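Asker: File structure.cif follows (mmCIF, C-alpha atoms):
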```cif
data_input
loop_
_atom_site.label_atom_id
_atom_site.label_comp_id
_atom_site.auth_asym_id
_atom_site.auth_seq_id
_atom_site.Cartn_x
_atom_site.Cartn_y
_atom_site.Cartn_z
CA MET A 73 -30.54 -13.77 47.90
CA ARG A 74 -32.02 -10.75 49.65
CA ARG A 75 -35.31 -12.61 50.16
CA VAL A 76 -33.45 -15.57 51.63
CA MET A 77 -31.53 -13.32 54.01
CA ILE A 78 -34.68 -11.50 55.13
CA THR A 79 -36.45 -14.80 55.80
CA LEU A 80 -33.51 -16.08 57.82
CA ALA A 81 -33.26 -12.82 59.75
CA PHE A 82 -36.93 -13.07 60.69
CA GLY A 83 -36.44 -16.66 61.79
CA ALA A 84 -33.45 -15.74 63.93
CA ALA A 85 -35.31 -12.79 65.44
CA ALA A 86 -38.30 -14.98 66.28
CA LEU A 87 -36.07 -17.49 68.05
CA SER A 88 -34.37 -14.69 69.96
CA ALA A 89 -37.73 -13.31 71.04
CA ALA A 90 -38.83 -16.76 72.18
CA ALA A 91 -35.93 -17.05 74.61
CA GLY A 92 -37.32 -17.41 78.09
CA ALA A 93 -35.89 -16.25 81.36
CA GLN A 94 -33.66 -19.23 82.16
CA ALA A 95 -31.09 -21.56 80.66
CA HIS A 96 -28.20 -23.75 81.84
CA ALA A 97 -26.69 -22.44 85.07
CA PHE A 98 -22.96 -21.75 84.74
CA LEU A 99 -20.70 -20.71 87.59
CA ASP A 100 -20.21 -16.95 87.40
CA HIS A 101 -17.77 -16.58 90.28
CA ALA A 102 -17.07 -17.93 93.75
CA SER A 103 -15.69 -17.04 97.15
CA PRO A 104 -12.99 -18.17 97.76
CA ALA A 105 -12.21 -17.53 94.11
CA VAL A 106 -11.77 -20.39 91.64
CA GLY A 107 -8.12 -21.45 91.85
CA GLY A 108 -7.45 -18.72 94.41
CA SER A 109 -5.64 -18.50 97.72
CA VAL A 110 -6.90 -17.11 101.00
CA PRO A 111 -4.61 -16.36 103.96
CA THR A 112 -7.11 -17.52 106.58
CA ALA A 113 -9.67 -20.30 106.50
CA PRO A 114 -13.09 -19.18 105.25
CA ALA A 115 -16.19 -20.16 107.20
CA VAL A 116 -18.31 -20.50 104.09
CA VAL A 117 -17.93 -21.25 100.39
CA THR A 118 -20.28 -19.20 98.21
CA LEU A 119 -20.99 -19.83 94.53
CA TRP A 120 -22.81 -17.40 92.24
CA PHE A 121 -24.43 -18.80 89.11
CA THR A 122 -25.69 -17.29 85.90
CA GLN A 123 -29.23 -18.63 86.42
CA ASP A 124 -31.62 -19.30 89.27
CA LEU A 125 -31.31 -22.73 90.86
CA GLU A 126 -33.65 -25.49 91.97
CA PRO A 127 -32.75 -25.79 95.67
CA VAL A 128 -33.72 -29.44 96.14
CA PHE A 129 -31.45 -30.59 93.31
CA SER A 130 -28.47 -28.29 93.83
CA ASN A 131 -25.60 -29.37 95.98
CA VAL A 132 -21.99 -28.53 96.81
CA THR A 133 -19.32 -30.40 98.73
CA VAL A 134 -15.81 -29.47 99.85
CA THR A 135 -13.07 -32.04 100.42
CA ASN A 136 -9.46 -31.89 101.54
CA GLU A 137 -6.45 -33.42 99.79
CA ALA A 138 -7.22 -36.78 101.39
CA GLY A 139 -10.71 -36.72 99.91
CA GLN A 140 -12.41 -36.20 103.29
CA ARG A 141 -15.44 -33.94 103.54
CA VAL A 142 -14.65 -30.69 105.34
CA ASP A 143 -17.99 -28.99 104.76
CA LEU A 144 -20.89 -28.94 107.21
CA GLY A 145 -23.35 -30.50 104.75
CA ASN A 146 -25.65 -27.51 105.02
CA THR A 147 -25.95 -26.42 101.40
CA ARG A 148 -28.39 -23.54 101.18
CA ILE A 149 -29.70 -20.95 98.78
CA PRO A 150 -29.94 -17.67 100.70
CA PRO A 151 -33.41 -16.09 100.73
CA GLY A 152 -33.69 -13.53 97.94
CA SER A 153 -30.63 -14.87 96.07
CA PRO A 154 -31.92 -17.76 93.95
CA ALA A 155 -28.73 -17.93 91.88
CA GLU A 156 -26.43 -18.27 94.91
CA LEU A 157 -25.34 -21.43 96.69
CA GLN A 158 -23.56 -21.56 100.05
CA ILE A 159 -22.10 -24.22 102.28
CA GLY A 160 -20.48 -23.90 105.70
CA LEU A 161 -17.01 -25.23 106.44
CA LYS A 162 -15.33 -26.87 109.38
CA PRO A 163 -12.20 -25.09 110.63
CA LEU A 164 -9.68 -25.63 107.85
CA PRO A 165 -5.93 -26.04 108.35
CA PRO A 166 -3.65 -24.71 105.58
CA GLY A 167 -3.92 -26.82 102.45
CA THR A 168 -5.67 -27.27 99.12
CA TYR A 169 -9.40 -27.92 99.01
CA LEU A 170 -11.65 -29.19 96.24
CA VAL A 171 -15.10 -27.69 95.72
CA SER A 172 -17.51 -29.90 93.73
CA TRP A 173 -20.89 -28.56 92.72
CA HIS A 174 -23.85 -29.99 90.90
CA VAL A 175 -26.83 -27.77 90.26
CA VAL A 176 -30.10 -27.82 88.35
CA SER A 177 -31.36 -24.55 86.94
CA VAL A 178 -35.05 -23.74 87.22
CA ASP A 179 -35.53 -24.80 83.60
CA THR A 180 -34.41 -28.34 84.66
CA HIS A 181 -30.96 -28.36 83.01
CA PRO A 182 -28.21 -29.86 85.20
CA THR A 183 -24.62 -28.60 85.20
CA GLU A 184 -21.63 -29.44 87.35
CA GLY A 185 -18.07 -28.38 88.04
CA THR A 186 -15.09 -28.53 90.35
CA PHE A 187 -12.36 -26.14 91.39
CA THR A 188 -9.73 -25.83 94.06
CA PHE A 189 -8.71 -23.10 96.47
CA GLU A 190 -5.84 -22.87 98.92
CA VAL A 191 -5.78 -21.84 102.53
CA GLY A 192 -2.52 -20.37 103.83
CA GLU A 193 0.27 -18.53 102.16
CA GLY A 194 0.38 -21.24 99.49
CA MET B 86 -29.06 -31.78 99.35
CA LEU B 87 -31.11 -29.16 101.13
CA SER B 88 -33.17 -30.25 104.05
CA VAL B 89 -36.86 -29.56 103.54
CA PRO B 90 -38.69 -28.56 106.71
CA TYR B 91 -41.60 -30.82 107.64
CA ASN B 92 -44.98 -29.20 107.28
CA GLY B 93 -48.44 -29.91 105.98
CA HIS B 94 -47.33 -29.39 102.39
CA ARG B 95 -44.83 -32.23 102.43
CA ALA B 96 -46.85 -34.41 100.08
CA ARG B 97 -47.13 -31.57 97.60
CA LEU B 98 -43.38 -30.97 97.81
CA ALA B 99 -42.72 -34.66 97.22
CA LEU B 100 -44.99 -34.62 94.17
CA ALA B 101 -43.26 -31.51 92.85
CA ALA B 102 -39.89 -33.20 93.35
CA VAL B 103 -41.03 -36.29 91.44
CA LEU B 104 -42.27 -34.15 88.56
CA MET B 105 -39.03 -32.20 88.61
CA ILE B 106 -36.93 -35.36 88.51
CA ALA B 107 -38.96 -36.55 85.53
CA GLN B 108 -38.13 -33.34 83.70
CA ILE B 109 -34.43 -33.05 84.53
CA ASP B 110 -32.57 -33.33 81.31
CA ASP B 111 -30.33 -36.28 82.04
CA ALA B 112 -28.97 -36.38 78.50
CA LEU B 113 -27.25 -33.02 78.96
CA ALA B 114 -28.16 -31.60 75.60
CA HIS B 115 -25.94 -29.34 73.60
CA GLY B 116 -22.53 -30.62 74.34
CA PHE B 117 -21.84 -31.35 77.98
CA ALA B 118 -19.55 -34.07 79.27
CA GLY B 119 -19.29 -33.67 83.02
CA GLU B 120 -18.14 -30.13 83.73
CA ARG B 121 -17.03 -29.56 80.12
CA PHE B 122 -19.21 -27.61 77.72
CA PHE B 123 -18.45 -28.11 74.04
CA PRO B 124 -19.81 -25.36 71.78
CA ALA B 125 -21.18 -26.32 68.39
CA THR B 126 -18.34 -25.98 65.91
CA ILE B 127 -18.80 -24.76 62.35
CA LEU B 128 -16.70 -27.17 60.30
CA THR B 129 -16.40 -30.18 62.59
CA ASP B 130 -19.55 -32.21 63.22
CA ASP B 131 -20.50 -32.09 66.88
CA PRO B 132 -20.03 -35.32 68.88
CA PHE B 133 -23.37 -35.03 70.65
CA VAL B 134 -27.07 -35.21 69.90
CA ALA B 135 -28.71 -31.86 70.46
CA ASP B 136 -31.69 -29.61 70.00
CA GLU B 137 -30.12 -26.76 68.09
CA ILE B 138 -30.48 -24.83 64.89
CA ALA B 139 -27.86 -22.98 62.87
CA LEU B 140 -29.86 -20.10 61.44
CA PRO B 141 -28.11 -19.03 59.35
CA GLN B 142 -24.57 -19.98 58.46
CA VAL B 143 -23.18 -17.76 55.73
CA SER B 144 -19.91 -18.55 54.01
CA LEU B 145 -17.84 -17.25 51.14
CA GLN B 146 -15.63 -20.10 50.04
CA PRO B 147 -12.08 -19.45 48.80
CA PRO B 148 -11.80 -19.34 44.99
CA ALA B 149 -11.57 -22.87 43.56
CA PRO B 150 -8.69 -23.89 41.24
CA ASP B 151 -10.88 -22.92 38.24
CA ALA B 152 -11.41 -19.49 39.87
CA SER B 153 -15.10 -20.12 40.54
CA GLN B 154 -16.33 -19.04 43.95
CA LEU B 155 -19.26 -20.26 45.99
CA THR B 156 -21.40 -18.34 48.47
CA ASN B 157 -23.53 -20.48 50.83
CA ILE B 158 -26.41 -19.59 53.10
CA GLU B 159 -27.04 -22.68 55.17
CA ILE B 160 -29.52 -23.94 57.75
CA ASP B 161 -28.95 -26.98 59.95
CA LEU B 162 -31.48 -28.33 62.43
CA SER B 163 -30.45 -30.89 65.05
CA LYS B 164 -33.22 -32.63 66.96
CA ARG B 165 -33.14 -35.32 69.61
CA ILE B 166 -35.56 -38.17 69.05
CA THR B 167 -34.73 -39.85 72.36
CA PRO B 168 -32.12 -38.72 74.89
CA ASN B 169 -29.48 -40.69 72.97
CA THR B 170 -30.62 -40.55 69.36
CA GLY B 171 -31.08 -37.62 67.05
CA ILE B 172 -31.37 -36.40 63.51
CA VAL B 173 -29.81 -33.52 61.62
CA ILE B 174 -31.42 -31.94 58.58
CA GLY B 175 -29.60 -29.35 56.54
CA ASP B 176 -29.71 -27.53 53.26
CA GLU B 177 -28.21 -24.45 51.72
CA TRP B 178 -28.86 -21.84 49.16
CA GLN B 179 -25.82 -21.34 46.97
CA ARG B 180 -24.57 -18.84 44.44
CA LEU B 181 -21.75 -19.85 42.12
CA ARG B 182 -19.72 -17.20 40.38
CA ALA B 183 -17.21 -18.02 37.69
CA PRO B 184 -15.15 -15.87 35.32
CA ASN B 185 -16.84 -15.04 32.00
CA VAL B 186 -20.00 -16.91 32.97
CA PRO B 187 -23.22 -15.51 34.46
CA SER B 188 -23.54 -16.40 38.13
CA VAL B 189 -26.09 -19.05 39.04
CA GLY B 190 -27.98 -19.65 42.26
CA GLY B 191 -30.08 -22.41 43.72
CA LEU B 192 -30.52 -24.93 46.47
CA GLY B 193 -27.79 -27.39 47.30
CA ALA B 194 -28.47 -31.03 48.06
CA LEU B 195 -30.60 -31.94 51.06
CA ARG B 196 -28.52 -33.49 53.84
CA THR B 197 -29.76 -35.67 56.67
CA MET B 198 -28.01 -37.60 59.40
CA GLY B 199 -29.18 -40.14 61.94
CA GLN B 200 -27.17 -40.09 65.17
CA TYR B 201 -26.61 -42.34 68.15
CA GLN B 202 -24.84 -41.10 71.27
CA LEU B 203 -22.38 -43.91 71.86
CA PHE B 204 -21.08 -42.65 75.19
CA ILE B 205 -20.73 -39.62 77.44
CA ASP B 206 -17.95 -39.98 80.01
CA GLY B 207 -18.36 -37.08 82.41
CA PRO B 208 -15.28 -37.58 84.61
CA HIS B 209 -13.04 -37.82 81.52
CA GLN B 210 -14.93 -35.16 79.58
CA ALA B 211 -15.26 -37.49 76.62
CA LEU B 212 -18.01 -37.98 74.06
CA GLY B 213 -18.56 -40.42 71.21
CA LEU B 214 -21.25 -40.44 68.55
CA LEU B 215 -22.06 -42.67 65.59
CA GLY B 216 -23.80 -41.16 62.61
CA LEU B 217 -25.06 -42.09 59.19
CA GLY B 218 -25.27 -39.10 56.89
CA VAL B 219 -27.11 -39.06 53.58
CA THR B 220 -26.64 -36.44 50.90
CA TRP B 221 -29.68 -36.90 48.74
CA GLY B 222 -29.37 -36.90 44.96
CA HIS B 223 -31.70 -34.87 42.77
CA THR B 224 -32.62 -32.53 45.63
CA GLY B 225 -30.66 -29.47 44.54
CA ARG B 226 -29.75 -27.52 41.47
CA ALA B 227 -27.08 -29.21 39.40
CA ALA B 228 -25.76 -25.87 38.15
CA VAL B 229 -24.46 -25.04 41.63
CA GLY B 230 -22.95 -28.49 42.10
CA ALA B 231 -25.80 -30.46 43.66
CA PRO B 232 -25.30 -34.14 42.80
CA ASN B 233 -27.62 -36.37 40.78
CA PHE B 234 -26.73 -39.29 43.05
CA THR B 235 -27.10 -40.06 46.73
CA THR B 236 -24.06 -40.41 49.00
CA LEU B 237 -23.98 -42.40 52.24
CA SER B 238 -21.58 -41.22 54.93
CA PRO B 239 -21.04 -43.28 58.08
CA THR B 240 -19.15 -41.26 60.70
CA PHE B 241 -17.66 -41.47 64.15
CA ASP B 242 -17.50 -38.17 65.99
CA PHE B 243 -15.60 -37.71 69.23
CA GLY B 244 -14.84 -35.04 71.80
CA LYS B 245 -12.35 -34.83 74.65
CA GLY B 246 -11.76 -32.09 77.17
CA PHE B 247 -8.41 -31.94 78.94
CA GLY B 248 -9.82 -30.91 82.30
CA ASP B 249 -8.98 -34.31 83.77
CA ILE B 250 -5.22 -33.94 83.36
CA PRO B 251 -3.32 -33.05 86.57
CA ARG B 252 -4.43 -29.73 88.00
CA SER B 253 -0.81 -28.64 88.13
CA LEU B 254 -0.97 -28.30 84.32
CA THR B 255 -3.22 -25.33 84.90
CA TRP B 256 -3.24 -23.67 81.50
CA LEU B 257 -3.55 -26.86 79.46
CA ARG B 258 -6.79 -27.92 81.14
CA PRO B 259 -9.03 -25.49 79.20
CA PHE B 260 -8.10 -27.20 75.89
CA ALA B 261 -10.53 -29.57 74.22
CA ILE B 262 -10.63 -31.36 70.92
CA THR B 263 -13.50 -32.65 68.82
CA GLY B 264 -13.08 -34.67 65.65
CA ASN B 265 -14.69 -36.65 62.88
CA LEU B 266 -13.70 -39.84 61.07
CA GLY B 267 -15.92 -40.96 58.22
CA PHE B 268 -16.36 -42.26 54.72
CA ASP B 269 -18.40 -41.06 51.77
CA PHE B 270 -19.86 -43.77 49.55
CA PRO B 271 -21.62 -42.46 46.44
CA THR B 272 -24.40 -44.76 45.27
CA GLN B 273 -23.38 -44.11 41.67
CA ALA B 274 -19.85 -44.76 40.42
CA THR B 275 -19.84 -42.08 37.72
CA SER B 276 -21.83 -39.06 36.66
CA ALA B 277 -21.64 -38.01 32.99
CA GLY B 278 -18.46 -40.05 32.66
CA VAL B 279 -16.78 -38.44 35.66
CA PRO B 280 -15.94 -40.83 38.52
CA ASN B 281 -17.54 -40.26 41.92
CA PRO B 282 -14.82 -41.42 44.31
CA ASN B 283 -15.29 -43.02 47.68
CA ASN B 284 -13.69 -40.68 50.19
CA PHE B 285 -12.15 -40.87 53.64
CA SER B 286 -13.10 -37.73 55.53
CA TYR B 287 -11.33 -36.63 58.67
CA GLY B 288 -11.00 -33.45 60.66
CA PHE B 289 -10.79 -31.95 64.09
CA ALA B 290 -11.28 -28.76 66.07
CA ILE B 291 -8.94 -27.64 68.84
CA GLU B 292 -10.56 -25.13 71.15
CA TYR B 293 -9.52 -23.19 74.22
CA SER B 294 -12.40 -22.63 76.61
CA PHE B 295 -12.48 -19.31 78.46
CA PRO B 296 -15.62 -20.48 80.34
CA TYR B 297 -13.67 -23.49 81.58
CA ILE B 298 -10.87 -21.24 82.86
CA GLU B 299 -13.35 -19.24 84.88
CA CYS B 300 -15.46 -22.12 86.22
CA CYS B 301 -12.90 -24.76 86.93
CA VAL B 302 -9.29 -23.59 86.62
CA LYS B 303 -8.65 -20.08 87.91
CA ASP B 304 -10.70 -16.93 88.21
CA ILE B 305 -8.59 -14.47 86.22
CA GLY B 306 -11.26 -11.80 86.29
CA LEU B 307 -12.80 -12.45 82.91
CA ARG B 308 -16.44 -11.44 82.85
CA ALA B 309 -19.11 -11.53 80.16
CA PRO B 310 -18.82 -11.31 77.23
CA PHE B 311 -15.12 -12.22 77.32
CA SER B 312 -15.62 -15.13 79.68
CA GLN B 313 -17.82 -16.81 77.05
CA LEU B 314 -15.26 -17.03 74.24
CA PHE B 315 -13.76 -20.10 72.59
CA PRO B 316 -10.80 -19.38 70.28
CA LEU B 317 -10.38 -22.40 68.02
CA VAL B 318 -8.83 -23.85 64.90
CA GLU B 319 -10.71 -26.33 62.75
CA VAL B 320 -9.20 -28.57 60.10
CA ALA B 321 -10.97 -30.93 57.69
CA PHE B 322 -9.73 -33.10 54.83
CA SER B 323 -11.27 -35.47 52.31
CA THR B 324 -9.10 -38.07 50.56
CA PRO B 325 -10.26 -40.34 47.71
CA ILE B 326 -9.83 -44.03 48.48
CA SER B 327 -11.11 -45.35 45.16
CA ARG B 328 -11.88 -44.13 41.61
CA ALA B 329 -9.46 -41.21 42.06
CA PRO B 330 -5.87 -40.79 43.22
CA ALA B 331 -5.24 -39.90 46.84
CA SER B 332 -3.32 -36.88 45.58
CA GLN B 333 -6.67 -35.26 44.98
CA THR B 334 -7.05 -34.67 48.72
CA THR B 335 -8.84 -31.44 49.54
CA GLY B 336 -9.15 -29.64 52.84
CA THR B 337 -9.43 -26.38 54.68
CA ILE B 338 -7.96 -24.84 57.82
CA GLN B 339 -10.28 -22.52 59.69
CA PRO B 340 -9.07 -20.39 62.61
CA GLY B 341 -11.75 -18.42 64.37
CA ILE B 342 -13.69 -17.74 67.52
CA ILE B 343 -17.04 -18.68 69.04
CA TRP B 344 -19.00 -16.70 71.60
CA ALA B 345 -21.52 -18.82 73.50
CA GLY B 346 -24.36 -17.20 75.41
CA PRO B 347 -27.27 -18.71 77.33
CA TYR B 348 -29.54 -19.15 74.29
CA PHE B 349 -27.36 -18.85 71.23
CA GLN B 350 -23.81 -18.69 70.03
CA ILE B 351 -22.08 -16.73 67.29
CA GLY B 352 -19.05 -18.03 65.44
CA ALA B 353 -16.74 -16.59 62.81
CA GLU B 354 -13.85 -18.28 61.03
CA ALA B 355 -11.47 -17.60 58.18
CA ILE B 356 -11.36 -20.32 55.52
CA ILE B 357 -7.87 -21.14 54.27
CA PRO B 358 -7.38 -23.77 51.56
CA ALA B 359 -5.02 -26.48 52.75
CA ASN B 360 -3.65 -27.22 49.26
CA ARG B 361 -3.91 -26.21 45.61
CA GLN B 362 -6.58 -28.80 44.87
CA THR B 363 -8.85 -27.00 47.31
CA GLY B 364 -8.32 -23.51 45.98
CA HIS B 365 -6.40 -20.35 46.69
CA GLY B 366 -6.86 -17.13 48.57
CA TYR B 367 -9.15 -16.88 51.57
CA GLY B 368 -12.77 -17.17 52.47
CA GLY B 369 -14.82 -16.73 55.60
CA VAL B 370 -17.83 -18.06 57.45
CA VAL B 371 -20.13 -16.70 60.15
CA GLN B 372 -22.78 -18.64 62.01
CA LEU B 373 -25.66 -17.81 64.32
CA HIS B 374 -26.63 -20.90 66.27
CA PHE B 375 -29.56 -21.27 68.68
CA TYR B 376 -29.92 -23.69 71.60
CA LEU B 377 -33.50 -24.90 71.28
CA ASP B 378 -33.27 -26.85 74.53
CA ASP B 379 -32.63 -23.61 76.40
CA ILE B 380 -35.14 -21.51 74.47
CA PHE B 381 -37.92 -24.11 74.71
CA PRO B 382 -36.86 -26.25 77.72
CA ARG B 383 -40.31 -27.70 78.37
CA SER B 384 -41.58 -28.24 74.83
CA ILE B 385 -39.80 -28.66 71.50
CA GLY B 386 -36.40 -28.36 73.15
CA ARG B 387 -36.87 -31.78 74.72
CA PRO B 388 -36.40 -35.13 72.95
CA ILE B 389 -39.46 -36.07 70.91
CA SER B 390 -39.85 -39.20 73.06
CA GLU B 391 -40.53 -36.89 76.04
CA TRP B 392 -43.17 -34.74 74.39
CA TRP B 393 -46.00 -36.85 75.77
#
```
If you took the structure in this file and wrote it as structure tokens, what would it be?
Answerer:
Amino acid sequence: MRRVMITLAFGAAALSAAAGAQAHAFLDHASPAVGGSVPTAPAVVTLWFTQDLEPVFSNVTVTNEAGQRVDLGNTRIPPGSPAELQIGLKPLPPGTYLVSWHVVSVDTHPTEGTFTFEVGEG
Amino acid sequence: MLSVPYNGHRARLALAAVLMIAQIDDALAHGFAGERFFPATILTDDPFVADEIALPQVSLQPPAPDASQLTNIEIDLSKRITPNTGIVIGDEWQRLRAPNVPSVGGLGALRTMGQYQLFIDGPHQALGLLGLGVTWGHTGRAAVGAPNFTTLSPTFDFGKGFGDIPRSLTWLRPFAITGNLGFDFPTQATSAGVPNPNNFSYGFAIEYSFPYIECCVKDIGLRAPFSQLFPLVEVAFSTPISRAPASQTTGTIQPGIIWAGPYFQIGAEAIIPANRQTGHGYGGVVQLHFYLDDIFPRSIGRPISEWW
């Protein structure tokens, strides 16, 4: 049994060592926060991911409760922050807004997600 | 999408984009349905084709009714052939200990499964997979229980995340369930005078996704490694449907937890017999599981059909 365990341990270690620098990109945190409330309307939504993103294939939209776009359509990855995604917002009245993102990490794996945030005292 | 400024390198950018599109993994390997990530579960077969390897899975089974106890060291390799088809190959080294008898060790039976991804419904976080498993006779040591006959096992595996229920049900949305429905058809009715029953196998895993809380429900301040946990309970049963009474149903209940990182996951579960036919006492299982599609995203982690 010891020989079997040693062989398996070597196999596992080799796989660990082979791990490259990238994987699926998951949302780490966001501003406004996922499911959070902000007293005043933000000018920008910013998402931070666990991996670097492919800018051409990464996108975010923000819609209001009626399903209308309230973002400026200017998704961008700030220079020097390849794991960060931003989009500008129109002036937002109090309400609940849906953020929808779809990104591709630099190793070509796509991921997506949605969350809401509230503007106003909520 | 981002606007790309016009310049003399536009053609090169377009070519790079085309190559990138060709490489984007549209099959969403290792358990995605929309924004839901399903980790690989230990007891319940996963409802998705994948490029993954469990290396190793070590379990100490609860003592059987005859007081014998089995230790398993198992390897399972899942490999996509095309984006929607895959195979699983698995085997285990086993040691059987019984009272008043010297312990014996050896390989268990070789197991293979062909898989077809029936559907992936992203908006409803749902997955369905058809599989045909084969447990091959004469491929393991009989002394540790390896059969001298082959068994065919057609299965339907499913997964469903609850993220699509109303957002007002905040704390229910991180739940997800995966499950298996299948049959086992031995190709030999008896072995040494003992009947080999046809079985109905069924089970499920209920998991609560901390990553889903953080990405899509509410940021409650969890950060790694706690934001990568999946507490879960798995249940599996096997009931004879012929050649043996249904009262010989066996099953286990396995509460535990999975931690899923970028390249691998670690899982640990207790094994509790569901009835006296299964055994008594407790056992346990731990598993180290690698995501080959993340470790080797441009080579062996892709479907074989995309290697050329």
Asker: Got a sec to resolve the PyMOL selection byres ((chain B and resi 260-275) around 8) on this structure and send the residues as an MDAnalysis selection string?
Answerer: chainID B and resid 129:132 234:248 257:259 276:294
Asker: Just want the 8 Å neighbourhood of Gly199 of chain B, counted on all atoms listed in the file, with same-chain residues fewer than 2 positions away dropped. Output as a ChimeraX atom specification.
Answerer: /B:170-173,197,201,216-218
Asker: Looking at all atoms listed in the file, which of A:Ser109, A:Ser103, A:Thr135, A:Thr147 is the one that sits closest to Phe189 of chain A?
Answerer: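 Closest to Phe189 of chain A, using all atoms listed in the file: A:Ser109.
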Asker: If you measure from atom CA of Ile356 of chain B to atom CA of Val318 of chain B, what distance in Å do you get, rounded to one decimal?
Answerer: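 Computed distance, atom CA of Ile356 of chain B to atom CA of Val318 of chain B, equals 10.3 Å.
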Asker: For the provided coordinates, the residues matched by the PyMOL selection byres ((chain A) within 7 of (chain B)) should be stated as a list of chain:residue names.
Answerer: A:Leu80, A:Ala84, A:Ala90, A:Ala91, A:Gly92, A:Ala95, A:His96, A:Leu99, A:Ala105, A:Val106, A:Gly107, A:Gly108, A:Pro127, A:Val128, A:Phe129, A:Ser130, A:Asn131, A:Asn146, A:Thr147, A:Arg148, A:Asp179, A:Thr180, A:His181, A:Pro182, A:Thr183, A:Glu184, A:Gly185, A:Thr186, A:Phe187
Asker: Got a sec: who's within 8 Å of Pro166 of chain A, counting all atoms listed in the file, leaving out chain neighbours fewer than 5 positions off, as a list in words?
Answerer: Ala113, Glu190, Val191 and Gly192 of chain A
Asker: Keeping only C-alpha atoms, take the residues you just selected and write them out as a short mmCIF file (atom, residue, chain, number, x, y, z; two decimals), keeping the file's coordinate frame.
Answerer:
```cif
data_model
loop_
_atom_site.label_atom_id
_atom_site.label_comp_id
_atom_site.auth_asym_id
_atom_site.auth_seq_id
_atom_site.Cartn_x
_atom_site.Cartn_y
_atom_site.Cartn_z
CA ALA A 113 -9.67 -20.30 106.50
CA GLU A 190 -5.84 -22.87 98.92
CA VAL A 191 -5.78 -21.84 102.53
CA GLY A 192 -2.52 -20.37 103.83
#
```
